[in-house]
Structures are given as C-alpha cells and as structure tokens.
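Structure record follows, encoded as structure tokens.
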Amino acid sequence: MTLLLVSLQILDYNNLPPNSYNIAFTLPLFLLICGRFAVLKLDATLSQTSKTWLFLLSATFIVSYLISDYILIFGASLLTMEYILALSHLEGRVHVRINTLIRQKKFIFDIIPITLVGLFYYSWRHLFPPSYSGITFAKHYDFLLIFKTALTHVLGGFSLTRSDLYNLDLSFDYLPAEYIVLLFCTFLFSTIIATTSLYNLRGLDKGKLIIPCCIFLALFVTFPLALTPKYQHLQTENMPAYVDSRFAYLWGIAGITSLACLAGRFFGEGKKRSILSGFFGLLVGVAATFSYYHNVDMCQVMLNHATVWDRARSIASAPNAAELLRDGKLTASIDPFSLVSVHPGFDSERYWQRYISWYGQRKEDSILNWNPKVFTPLPVNLKTGIAYTTKELPRRFFGASGWSLLKKMVAYSTGSRAFVTFRTDAAMHDSILAFSASAYLAPGETNKAAEIRINGNLLQSLTLDDKHRVFNVAVPGDMLHGEFATFEFIVQHPSSPADYGSHDNRRLGFGLWNILLIPQ
C-alpha cells in the first residue's frame, strides 16, 4: 500500500514547486507524524511509559502545533482518523465505545496538547486581532461560497481535476532533453509501482470506513481556510491558492489509495488480475506523466514568484535597508510586474515593510530560512517562422517576462513593459515581426501610445486601441546578431481592471494576441 501511495504522489499539483515546502514548515510536520507513530506504538503500554518520554512527546506536539496553525488543523484531522478507527474496532453501542476511549490514558494525553494550543491561538487572536484577511473569519457567511471554496481547494491539488490545464497544449519544444528523459522515467516507474503494488493488494481492512473518512478530512482541513475573506475572494475571482490547501491533498490521495486497495479484491486471479492491474498501472503512469509535465511548468511559475521574495531579502540585506523602508515605495521595487496577487484591503507596502524588518532581524538564522534551490530556470525562447498564439504558450512564459494572461486569450503587459525572446541564427537577414495587439484602456480612454524595441533599440512607435489589430514591424538584419533577440513591448500609463470595479489591481498595458518572426 505504501508503494501505491508513492506512485500516486506525482499527481499532486503542488508537490514540486520551490518555497511550497520549506524546512520551517516540513520540520514540525515531520515531528508531528513521528510523534503520532510513537504514541500508536506505545498505545497498549502508555500507562507504563516513563514520564520523561511522555513529556518529550507532549512537548513535540505542542511545539509542532505552535509553529503553524496549518499543523494544528492537520494534527486534529490525524487524531480524528485515529479515533474513528479505534471506535470501529471496539464492540458495543456507540456511546459505550466512546466512553471506553475517553477513559483511556491515551485520550487525555492526546487531547491536552491540542486543546492548550487551540486555546492559546484563540486567546492571542482575541487579544491581538489580526489584520491579515487570510486568518480572519468573514463577517457574513455564504454557506454555498464556503463549500465551493473548500471543494475547489480540495480538488485543485490534483492536476487531473484542473480543467485549465487541458486548455494548454502539450509541447516539448520548451523542454531540455533531460526533462523528456525524466518524463519517460516518471511514466515507467509510476506504471510499474502501481501495477505491482495493486496486483499484491486484495482488499483493505475497514476500507469502506476509511475512504469516506479521508474525503471528510480533506474537507475538514480546508474549511478553516474557506471561512476567511481572502480565500473566498480568490474563489470569486477564480484564482484559488491551491498550495495553501496542501493537507487536503494528503487526505485525498490517501482516499484514492484506499479505494484502489479496496478494488483489488475484485480483480480476480491469474491472467485477469495481471491485465486489470496492468491497465490500472498504465492509467496511473499516464496521469503521473501529465502531472509531471505541468509540474515542471508550474515550478518555473513558482520560481518567478520566488524572485519577488528574493528581491525583498536582497533589500533587507542591503546596507541602506533602513533608508529604503522609510522611502515608502517598496512594492514598486520588489514586485514591478505585480506577480504577487493580493486581495481587497491588503496593504502591500505595509506587508513588505514588515517582511523586510522581520528578515533583517532573522537573516542569520540559516536553518529556518534554508530552502533547496534546485530548480533550474527554463526560459521560453520562441522559434522564428512559427506563429504563436499567447494561449498556447506555457505558463512560465508569463510572469518573469512581464506578461499576464487574461481570459485565456490575450496576454497583457503587467505594467508598462514586457518582453518576448526569439532564438535566432547568427546570420539572420532582415525580418518582419508580425503580431496582433490591442491595449487595455481605462474608462474614457480611446487609445494608448506604444513602442516596439529590440535589445533596447527602438523599432517602431504604434497607437493601440481596444480592438486587436495586425501589425508588421520591419526588423533590420544587423539588429538580429547573436543567438537571441529580445523584443520589448512598451505602453505608457497602464490601466487596471480595478477601474471597472474588479478586485484585480494589476496594471495592464500592451495586449498581445499572437506573434510571428518571419525571416526574409
């Protein structure tokens, strides 16, 4: 069963991106799980266990819960599953079984740490009400919105449930050869592990109870998040933060694994079992490959976001950090492309001031700030002679290049400028840069002035309106020297969807629909 669980891990949409699982988060989670294993091992002999061991275990749980409220909620879900299974193994009426569990020393040992930390969180937030809307409760409860927010974050952890991924064309043009080899290895080993493990599984004790419990707990760990204004707003804007519901994925994948184990009893024996197990393994292999392809793409998107915090840490480490804090223009310096989406009422300037002050005091703490930087940036360099529509480009094309995809059709410059890089030949002649473009106009505007530059040199000035039109810009061959040609698309005074009443506060300018570089 463990091997089957491993083969399904790649289905996690957020399993690979950097900064999602740093050591300050995974260490308390690891301690919590090890502590739970130790308690379950000592279950029958807990009353004879030395006070020193009991104190260390209790301290482990309390510290883990205190480090993150996510860990506290997940710890509560672990205890819930433990006691549901314990109840199912006892005999008698429900109230008798509950009374039996409550009278055990283990119940007191389990309930005290989580209750103490829960009361601490409640008291602290009551005495010092937080302003961050990601940890406060909404003033008005829309139960349908709460359920939709929770369900979206539960399902969104699985690549296969993400309809937006199916709108992205699969292409190996942007992947180095080693990533294609890894794609093949992902398919091969996921298929083998899933096939062999399922072939040897013929049912699961209490499987019919475990599966609905896993589904319930996936929703359980997400509901606190769904009650907050931030995540409800992200839901209404169709921008859910799946990475913040990572624990829902853990319970979801446990439920799928349990269901596969339960199905194993109906596979029969001999040739029939081999064929059905192989078919199931093949499905897992294909799904894992699909997910890995998009995970590689998502890693690059997360790297783009990580550069924002890297820039903030650089400022915090600079000798003139105090002067920059007083300047009051941190957001423009740290996140010029507005890569970090915010919710209504979020004070970005105040957040970055607090973050830089915090990091400046703790930058020497190398343990808690450590994060593996093992993801090599994979730039998207387009090829000459091929027409590209923006909707078919991988997600990593946007963000770091200054583009933001809107309504899956047009890419707008996030701010006043954005870039497109083509891979060129060393001996290229005069060419034509053909593209369809428009502008994001503010209320009352009829057009915007724009410029096209190559490697910093002006090619042509344009006038854009809200209708996408075709432009052909001549590119002299002497400007195409070298291996790459970077075109810069500039528009002055970008506008925001917030001007039309949206909560989206990005500044959008140059709209690009498709592009083609034609050698003459």
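We name chains A, B, ... following the order of the structure tokens; residues begin at 1 in each chain, and ligands are numbered from 1 as shown.
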
For Lys383 (chain A), list every protein, DNA or RNA residue within 8 Å, evaluated using only C-alpha atoms, and leave out those in the same chain fewer than 3 positions away; present the list as a VMD selection string. chain A and resid 386 422 to 424 517

Go ahead and dump the residues you just picked, N, CA and C atoms, as an mmCIF file, in the first residue's frame.
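Below is the file that was written, part-v8.cif:
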data_model
loop_
_atom_site.group_PDB
_atom_site.id
_atom_site.type_symbol
_atom_site.label_atom_id
_atom_site.label_comp_id
_atom_site.auth_asym_id
_atom_site.auth_seq_id
_atom_site.Cartn_x
_atom_site.Cartn_y
_atom_site.Cartn_z
ATOM 1 N N ILE A 386 7.467 30.462 -36.901
ATOM 2 C CA ILE A 386 6.330 29.754 -36.299
ATOM 3 C C ILE A 386 5.395 30.780 -35.673
ATOM 4 N N PHE A 422 13.176 35.562 -28.976
ATOM 5 C CA PHE A 422 13.250 34.584 -30.051
ATOM 6 C C PHE A 422 14.659 34.033 -30.132
ATOM 7 N N ARG A 423 14.747 32.751 -30.451
ATOM 8 C CA ARG A 423 16.046 32.141 -30.745
ATOM 9 C C ARG A 423 16.353 32.402 -32.226
ATOM 10 N N THR A 424 17.457 33.037 -32.496
ATOM 11 C CA THR A 424 17.789 33.437 -33.864
ATOM 12 C C THR A 424 19.091 32.795 -34.326
ATOM 13 N N LEU A 517 7.850 35.828 -35.993
ATOM 14 C CA LEU A 517 9.039 36.470 -36.558
ATOM 15 C C LEU A 517 9.371 35.780 -37.873
#

Could you name the residues that touch Ile135 (chain A) at 12 Å or less, counting only C-alpha atoms, but leaving out those on the same chain fewer than 6 positions away, as a ChimeraX atom specification? /A:68-70,121-122,125,129,223-232,244

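CA of Gly511 (chain A) lies 17.0 Å from CA of Asp499 (chain A).
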
Kindly give the distance, in Å, that separates CA of Arg246 (chain A) and CA of His153 (chain A), rounded to a single decimal. 8.6 Å

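Closest approach to Ser77 (chain A) among A:Leu144, A:Leu42, A:Gly92, A:Ile215: A:Ile215, based on only C-alpha atoms.
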
Got a sec to tell me which of region 237-282 of chain A DSSP assigns to helix (DSSP H, G or I), as a ChimeraX atom specification? /A:242-266,270-282

Which polymer residues have any atom within 10 Å of an atom of Thr389 (chain A), counting only C-alpha atoms, with same-chain residues fewer than 4 positions away left out, as a PDB file with N, CA and C atoms, in the first residue's frame?
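Contents of part_18.pdb, as written:
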ATOM      1  N   LEU A 393       1.042  29.168 -25.210  1.00  0.00           N
ATOM      2  CA  LEU A 393       2.367  29.213 -24.597  1.00  0.00           C
ATOM      3  C   LEU A 393       2.313  28.674 -23.174  1.00  0.00           C
ATOM      4  N   MET A 409      -6.963  34.259 -23.484  1.00  0.00           N
ATOM      5  CA  MET A 409      -6.924  34.640 -24.893  1.00  0.00           C
ATOM      6  C   MET A 409      -5.813  35.634 -25.206  1.00  0.00           C
ATOM      7  N   VAL A 410      -5.655  36.637 -24.356  1.00  0.00           N
ATOM      8  CA  VAL A 410      -4.716  37.718 -24.641  1.00  0.00           C
ATOM      9  C   VAL A 410      -3.772  37.892 -23.465  1.00  0.00           C
ATOM     10  N   ALA A 411      -2.502  38.146 -23.770  1.00  0.00           N
ATOM     11  CA  ALA A 411      -1.506  38.418 -22.735  1.00  0.00           C
ATOM     12  C   ALA A 411      -1.281  39.919 -22.668  1.00  0.00           C
ATOM     13  N   PHE A 435       2.450  40.642 -35.498  1.00  0.00           N
ATOM     14  CA  PHE A 435       1.709  40.326 -34.276  1.00  0.00           C
ATOM     15  C   PHE A 435       0.357  41.027 -34.290  1.00  0.00           C
ATOM     16  N   SER A 436      -0.567  40.485 -33.517  1.00  0.00           N
ATOM     17  CA  SER A 436      -1.858  41.129 -33.281  1.00  0.00           C
ATOM     18  C   SER A 436      -1.828  41.708 -31.881  1.00  0.00           C
ATOM     19  N   LEU A 512      -1.118  41.410 -26.195  1.00  0.00           N
ATOM     20  CA  LEU A 512      -0.553  40.607 -27.288  1.00  0.00           C
ATOM     21  C   LEU A 512      -1.412  39.362 -27.497  1.00  0.00           C
ATOM     22  N   TRP A 513      -1.890  39.161 -28.726  1.00  0.00           N
ATOM     23  CA  TRP A 513      -2.752  38.021 -29.048  1.00  0.00           C
ATOM     24  C   TRP A 513      -1.968  36.901 -29.720  1.00  0.00           C
ATOM     25  N   ASN A 514      -1.121  37.245 -30.663  1.00  0.00           N
ATOM     26  CA  ASN A 514      -0.266  36.249 -31.320  1.00  0.00           C
ATOM     27  C   ASN A 514       0.961  36.954 -31.865  1.00  0.00           C
ATOM     28  N   ILE A 515       1.974  36.180 -32.244  1.00  0.00           N
ATOM     29  CA  ILE A 515       3.239  36.782 -32.681  1.00  0.00           C
ATOM     30  C   ILE A 515       3.979  35.814 -33.588  1.00  0.00           C
ATOM     31  N   LEU A 516       4.734  36.385 -34.533  1.00  0.00           N
ATOM     32  CA  LEU A 516       5.480  35.591 -35.506  1.00  0.00           C
ATOM     33  C   LEU A 516       6.657  36.418 -36.002  1.00  0.00           C
TER      34      LEU A 516
END
